[in-house]
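Data block for model_20.csv (CSV, C-alpha atoms):
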chain,number,residue,atom,x,y,z
A,1,MET,CA,-29.5,-44.6,70.3
A,2,ALA,CA,-27.3,-45.4,67.4
A,3,SER,CA,-29.3,-43.0,65.2
A,4,THR,CA,-28.7,-40.1,67.7
A,5,ALA,CA,-25.0,-41.0,67.8
A,6,ALA,CA,-24.8,-40.9,64.1
A,7,SER,CA,-26.7,-37.6,63.9
A,8,ALA,CA,-24.5,-36.1,66.5
A,9,ALA,CA,-21.4,-37.1,64.5
A,10,ASP,CA,-22.9,-36.0,61.2
A,11,PRO,CA,-23.9,-32.3,61.3
A,12,ILE,CA,-25.8,-32.5,58.0
A,13,PRO,CA,-29.4,-33.8,58.5
A,14,GLU,CA,-30.7,-36.8,56.6
A,15,GLY,CA,-32.0,-36.1,53.2
A,16,ALA,CA,-29.8,-33.0,52.7
A,17,SER,CA,-27.7,-32.9,49.5
A,18,ARG,CA,-24.0,-33.6,49.7
A,19,PRO,CA,-22.4,-31.8,46.7
A,20,TRP,CA,-19.0,-33.3,47.3
A,21,ARG,CA,-20.4,-36.8,46.7
A,22,VAL,CA,-22.2,-35.8,43.6
A,23,GLY,CA,-18.9,-34.7,42.0
A,24,LEU,CA,-18.0,-31.3,40.5
A,25,GLY,CA,-18.4,-32.4,36.9
A,26,LEU,CA,-14.8,-31.8,36.0
A,27,SER,CA,-15.2,-34.0,32.9
A,28,SER,CA,-17.7,-31.4,31.7
A,29,VAL,CA,-14.9,-29.0,30.9
A,30,PRO,CA,-13.4,-31.2,28.1
A,31,ASP,CA,-17.0,-32.0,26.9
A,32,ALA,CA,-17.8,-28.3,26.7
A,33,ILE,CA,-14.6,-27.5,24.8
A,34,GLU,CA,-15.3,-30.5,22.5
A,35,ALA,CA,-18.8,-29.2,21.8
A,36,PHE,CA,-17.4,-25.7,21.1
A,37,LEU,CA,-14.8,-27.1,18.6
A,38,ALA,CA,-17.3,-29.4,17.0
A,39,ALA,CA,-19.8,-26.5,16.4
A,40,ARG,CA,-17.1,-24.4,14.6
A,41,PRO,CA,-15.5,-26.5,12.0
A,42,PHE,CA,-14.2,-23.6,9.8
A,43,GLU,CA,-12.9,-21.5,12.6
A,44,ARG,CA,-10.4,-24.1,13.9
A,45,GLY,CA,-7.8,-23.5,11.2
A,46,THR,CA,-7.4,-19.8,11.9
A,47,TRP,CA,-6.3,-20.6,15.5
A,48,LEU,CA,-3.3,-22.5,14.0
A,49,ALA,CA,-2.1,-19.3,12.3
A,50,VAL,CA,-2.6,-17.4,15.6
A,51,ALA,CA,-0.6,-20.1,17.4
A,52,PHE,CA,2.2,-19.9,14.8
A,53,ALA,CA,2.3,-16.1,15.3
A,54,GLY,CA,2.4,-16.7,19.0
A,55,GLY,CA,5.5,-18.8,18.6
A,56,ILE,CA,7.1,-16.0,16.7
A,57,ALA,CA,6.1,-13.5,19.3
A,58,ALA,CA,7.5,-15.7,22.0
A,59,TRP,CA,10.9,-15.7,20.4
A,60,PHE,CA,10.9,-11.9,20.4
A,61,VAL,CA,9.5,-11.5,23.9
A,62,LEU,CA,11.6,-14.1,25.7
A,63,PRO,CA,15.1,-12.9,26.5
A,64,ASP,CA,17.3,-15.9,26.1
A,65,THR,CA,17.8,-19.4,24.7
A,66,ALA,CA,16.9,-21.2,27.9
A,67,ARG,CA,13.4,-19.7,27.9
A,68,TRP,CA,12.9,-20.6,24.2
A,69,LEU,CA,13.9,-24.1,25.0
A,70,ALA,CA,11.4,-24.1,27.9
A,71,VAL,CA,8.6,-23.1,25.6
A,72,LEU,CA,9.6,-25.9,23.2
A,73,ALA,CA,9.6,-28.3,26.2
A,74,GLY,CA,6.2,-27.1,27.3
A,75,CYS,CA,4.8,-27.6,23.8
A,76,ALA,CA,6.2,-31.1,23.7
A,77,ALA,CA,4.7,-31.8,27.1
A,78,ILE,CA,1.3,-30.6,25.9
A,79,GLU,CA,1.5,-32.8,22.8
A,80,LEU,CA,2.6,-35.9,24.7
A,81,GLY,CA,-0.1,-35.2,27.3
A,82,ALA,CA,-2.8,-34.9,24.6
A,83,LEU,CA,-1.5,-38.1,22.9
A,84,ALA,CA,-1.4,-40.1,26.1
A,85,GLY,CA,-4.3,-38.6,28.0
A,86,LEU,CA,-7.0,-38.2,25.4
A,87,ARG,CA,-6.5,-41.4,23.4
A,88,GLY,CA,-8.3,-43.9,25.5
A,89,ASP,CA,-11.9,-44.0,24.3
A,90,GLY,CA,-11.7,-41.3,21.6
A,91,ARG,CA,-14.3,-39.2,23.3
A,92,HIS,CA,-12.6,-35.9,22.6
A,93,PRO,CA,-11.1,-36.0,19.1
A,94,TYR,CA,-11.4,-32.3,18.4
A,95,LEU,CA,-9.8,-31.3,21.7
A,96,ARG,CA,-7.0,-33.7,21.2
A,97,ALA,CA,-6.3,-32.4,17.7
A,98,ALA,CA,-6.6,-28.8,18.9
A,99,LEU,CA,-4.1,-29.3,21.7
A,100,ILE,CA,-1.6,-31.1,19.4
A,101,GLY,CA,-2.1,-28.6,16.6
A,102,VAL,CA,-1.7,-25.5,18.7
A,103,ALA,CA,1.3,-26.8,20.5
A,104,LEU,CA,2.9,-27.8,17.2
A,105,MET,CA,2.3,-24.5,15.6
A,106,ILE,CA,3.7,-22.5,18.6
A,107,ALA,CA,6.8,-24.7,18.4
A,108,ALA,CA,7.0,-24.3,14.6
A,109,GLY,CA,6.7,-20.5,14.9
A,110,LEU,CA,9.4,-20.3,17.5
A,111,ILE,CA,11.7,-22.6,15.6
A,112,THR,CA,11.1,-20.8,12.3
A,113,VAL,CA,12.1,-17.4,13.5
A,114,TRP,CA,15.0,-18.9,15.6
A,115,THR,CA,16.3,-20.7,12.5
A,116,LYS,CA,15.9,-17.7,10.3
A,117,SER,CA,17.7,-15.4,12.7
A,118,THR,CA,20.6,-17.9,13.1
A,119,LEU,CA,21.0,-18.5,9.3
A,120,ALA,CA,20.4,-14.9,8.0
A,121,GLY,CA,21.3,-12.8,11.0
A,122,ALA,CA,24.7,-11.2,11.3
A,123,ILE,CA,26.7,-11.7,14.4
A,124,PRO,CA,26.8,-8.4,16.2
A,125,LEU,CA,30.0,-6.7,17.2
A,126,ASP,CA,30.8,-7.3,20.9
A,127,ARG,CA,31.2,-3.6,21.6
A,128,PRO,CA,31.5,-0.3,19.6
A,129,THR,CA,34.7,-0.3,17.7
A,130,ILE,CA,36.7,2.3,15.9
A,131,VAL,CA,38.6,0.7,13.0
A,132,THR,CA,39.8,1.6,9.6
A,133,LEU,CA,37.9,-0.4,7.0
A,134,THR,CA,38.9,-1.3,3.5
A,135,GLY,CA,35.8,-2.3,1.6
A,136,ARG,CA,33.5,-2.0,-1.3
A,137,ILE,CA,30.2,-0.1,-1.4
A,138,VAL,CA,27.4,-2.6,-2.2
A,139,ALA,CA,24.4,-0.4,-1.7
A,140,ARG,CA,23.6,3.3,-1.5
A,141,GLU,CA,20.3,4.5,0.1
A,142,GLU,CA,19.2,8.1,0.0
A,143,ARG,CA,17.1,8.8,3.1
A,144,GLY,CA,15.4,12.0,2.0
A,145,ALA,CA,13.1,12.5,4.9
A,146,GLU,CA,16.0,12.4,7.3
A,147,ASP,CA,18.4,14.2,4.9
A,148,ARG,CA,20.9,11.3,5.2
A,149,LEU,CA,22.8,8.9,3.1
A,150,ARG,CA,23.2,5.3,4.2
A,151,LEU,CA,26.0,3.2,2.7
A,152,THR,CA,26.3,-0.6,3.0
A,153,LEU,CA,29.9,-1.9,2.7
A,154,VAL,CA,31.5,-5.3,2.5
A,155,ALA,CA,34.7,-4.6,4.3
A,156,ARG,CA,37.8,-6.2,5.8
A,157,GLY,CA,39.6,-5.0,8.9
A,158,VAL,CA,37.3,-5.9,11.7
A,159,PRO,CA,39.4,-7.9,14.3
A,160,GLY,CA,38.4,-11.5,14.4
A,161,ARG,CA,36.4,-11.6,11.1
A,162,ALA,CA,37.4,-12.2,7.5
A,163,ALA,CA,34.7,-9.9,6.0
A,164,VAL,CA,31.8,-8.1,7.5
A,165,ARG,CA,28.8,-6.2,6.1
A,166,VAL,CA,28.6,-2.7,7.6
A,167,ARG,CA,25.9,-0.1,7.3
A,168,THR,CA,27.1,3.4,8.0
A,169,THR,CA,25.8,7.0,7.7
A,170,PRO,CA,28.6,9.4,6.6
A,171,PRO,CA,28.4,13.0,7.8
A,172,ARG,CA,27.1,15.6,5.3
I'd like the structure from this file rewritten - as structure tokens, please.
Amino acid sequence: MASTAASAADPIPEGASRPWRVGLGLSSVPDAIEAFLAARPFERGTWLAVAFAGGIAAWFVLPDTARWLAVLAGCAAIELGALAGLRGDGRHPYLRAALIGVALMIAAGLITVWTKSTLAGAIPLDRPTIVTLTGRIVAREERGAEDRLRLTLVARGVPGRAAVRVRTTPPR
């Protein structure tokens, strides 16, 4: 009687497979990635250059500082996760190195272009302004294809600034 009660409560007959007890083999994903990385020792470095370019692209695509900082925080989280989660028995050294390296290079690309733009970029004017400038021409560029002349001036007279570099195209 006990067997009929058990069979009534359990709709799967005896001897049938129970895939949820076998496990889905989730650990096979890191193993597959590890095997992929181990089989391609000379192709791993090129992905670091791609990740660096991805960090630069992220700076151009994302609209503001908060999102750039979010990318940097995400990279730090990936790095810390790889350091903490994959260090136990050393089963996935290539995966750990790849996660850390790609996250570092994305962060490095974003920080590089952000630093370059901060150091070398000119602060834009707040709005279009009509002012009288007193300055010195530092460069003259003939733009023959457009039949224009472009002048670069270092000038004074812009409100709120000591000196400013201005590019202008005078009428012909």
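The shortest atom-to-atom distance to A:Asp31, with only C-alpha atoms taken into account, belongs to A:Leu86 out of A:Val61, A:Leu86, A:Ala145, A:Ala163.
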(message) Ranking A:Val113, A:Glu34, A:Thr168, A:Ala73 by minimum distance to A:Ala139 and counting all atoms listed in the file, which one comes first?
(response) A:Thr168
(message) Between atom CA of A:Leu48 and atom CA of A:Ala32, what is the distance in Å, rounded to a tenth?
(response)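 Separating atom CA of A:Leu48 from atom CA of A:Ala32 is a distance of 20.1 Å.
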(message) Given all atoms listed in the file as the basis, pick out the residue of A:Thr65, A:His92, A:Ala108, A:Cys75 nearest to A:Ala35.
(response) A:His92
(request) Take atom CA of A:Thr112 and atom CA of A:Leu62 and report the distance between them in Å, one decimal. (result)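 Spanning atom CA of A:Thr112 to atom CA of A:Leu62 is a straight-line distance of 15.0 Å.
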(request) Provide the atom CA of A:Ala38 to atom CA of A:Glu79 distance in Å, to one decimal place. (result)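 Interatomic distance, atom CA of A:Ala38 to atom CA of A:Glu79: 20.0 Å.
The residue that comes closest to A:Thr115, out of A:Trp59, A:Ala103, A:Leu95, A:Gly54 and on the basis of all atoms listed in the file, is A:Trp59.
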(message) With distances taken over all atoms listed in the file, which residue among A:Arg40, A:Arg96, A:Arg136, A:Arg87 lies nearest A:Arg165?
(response) A:Arg136
(request) With a distance cut-off of 12 Å and all atoms listed in the file, select the neighbouring residues of A:Leu99, excluding the residue or stretch itself and same-chain residues fewer than 2 positions from it, and output the selection as a VMD selection string. (result) chain A and resid 30 33 to 34 37 44 47 to 48 51 74 to 86 92 to 97 101 to 106
(request) Name the residues, using the chain letters and numbers of the file, that sit within 10 Å of (35.9, -3.2, 14.7) when counting all atoms listed in the file, and give them as a VMD selection string. (result) chain A and resid 125 to 133 156 to 161 164
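Among the candidate residues A:Leu153, A:Ala98, A:Asp147, A:Ala66, the one lying nearest to A:Gly45 is A:Ala98, with distances computed using only C-alpha atoms.
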(request) Fewer than 3 positions away in the same chain doesn't count, so skip those; otherwise give me all residues within 12 Å of A:Glu142, counting only C-alpha atoms, as a list in words. (result)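 Skipping anything fewer than 3 positions along the chain leaves Ala139, Ala145, Glu146, Asp147, Arg148, Leu149, Arg150, Leu151, Thr152, Thr169 and Pro170 of chain A.
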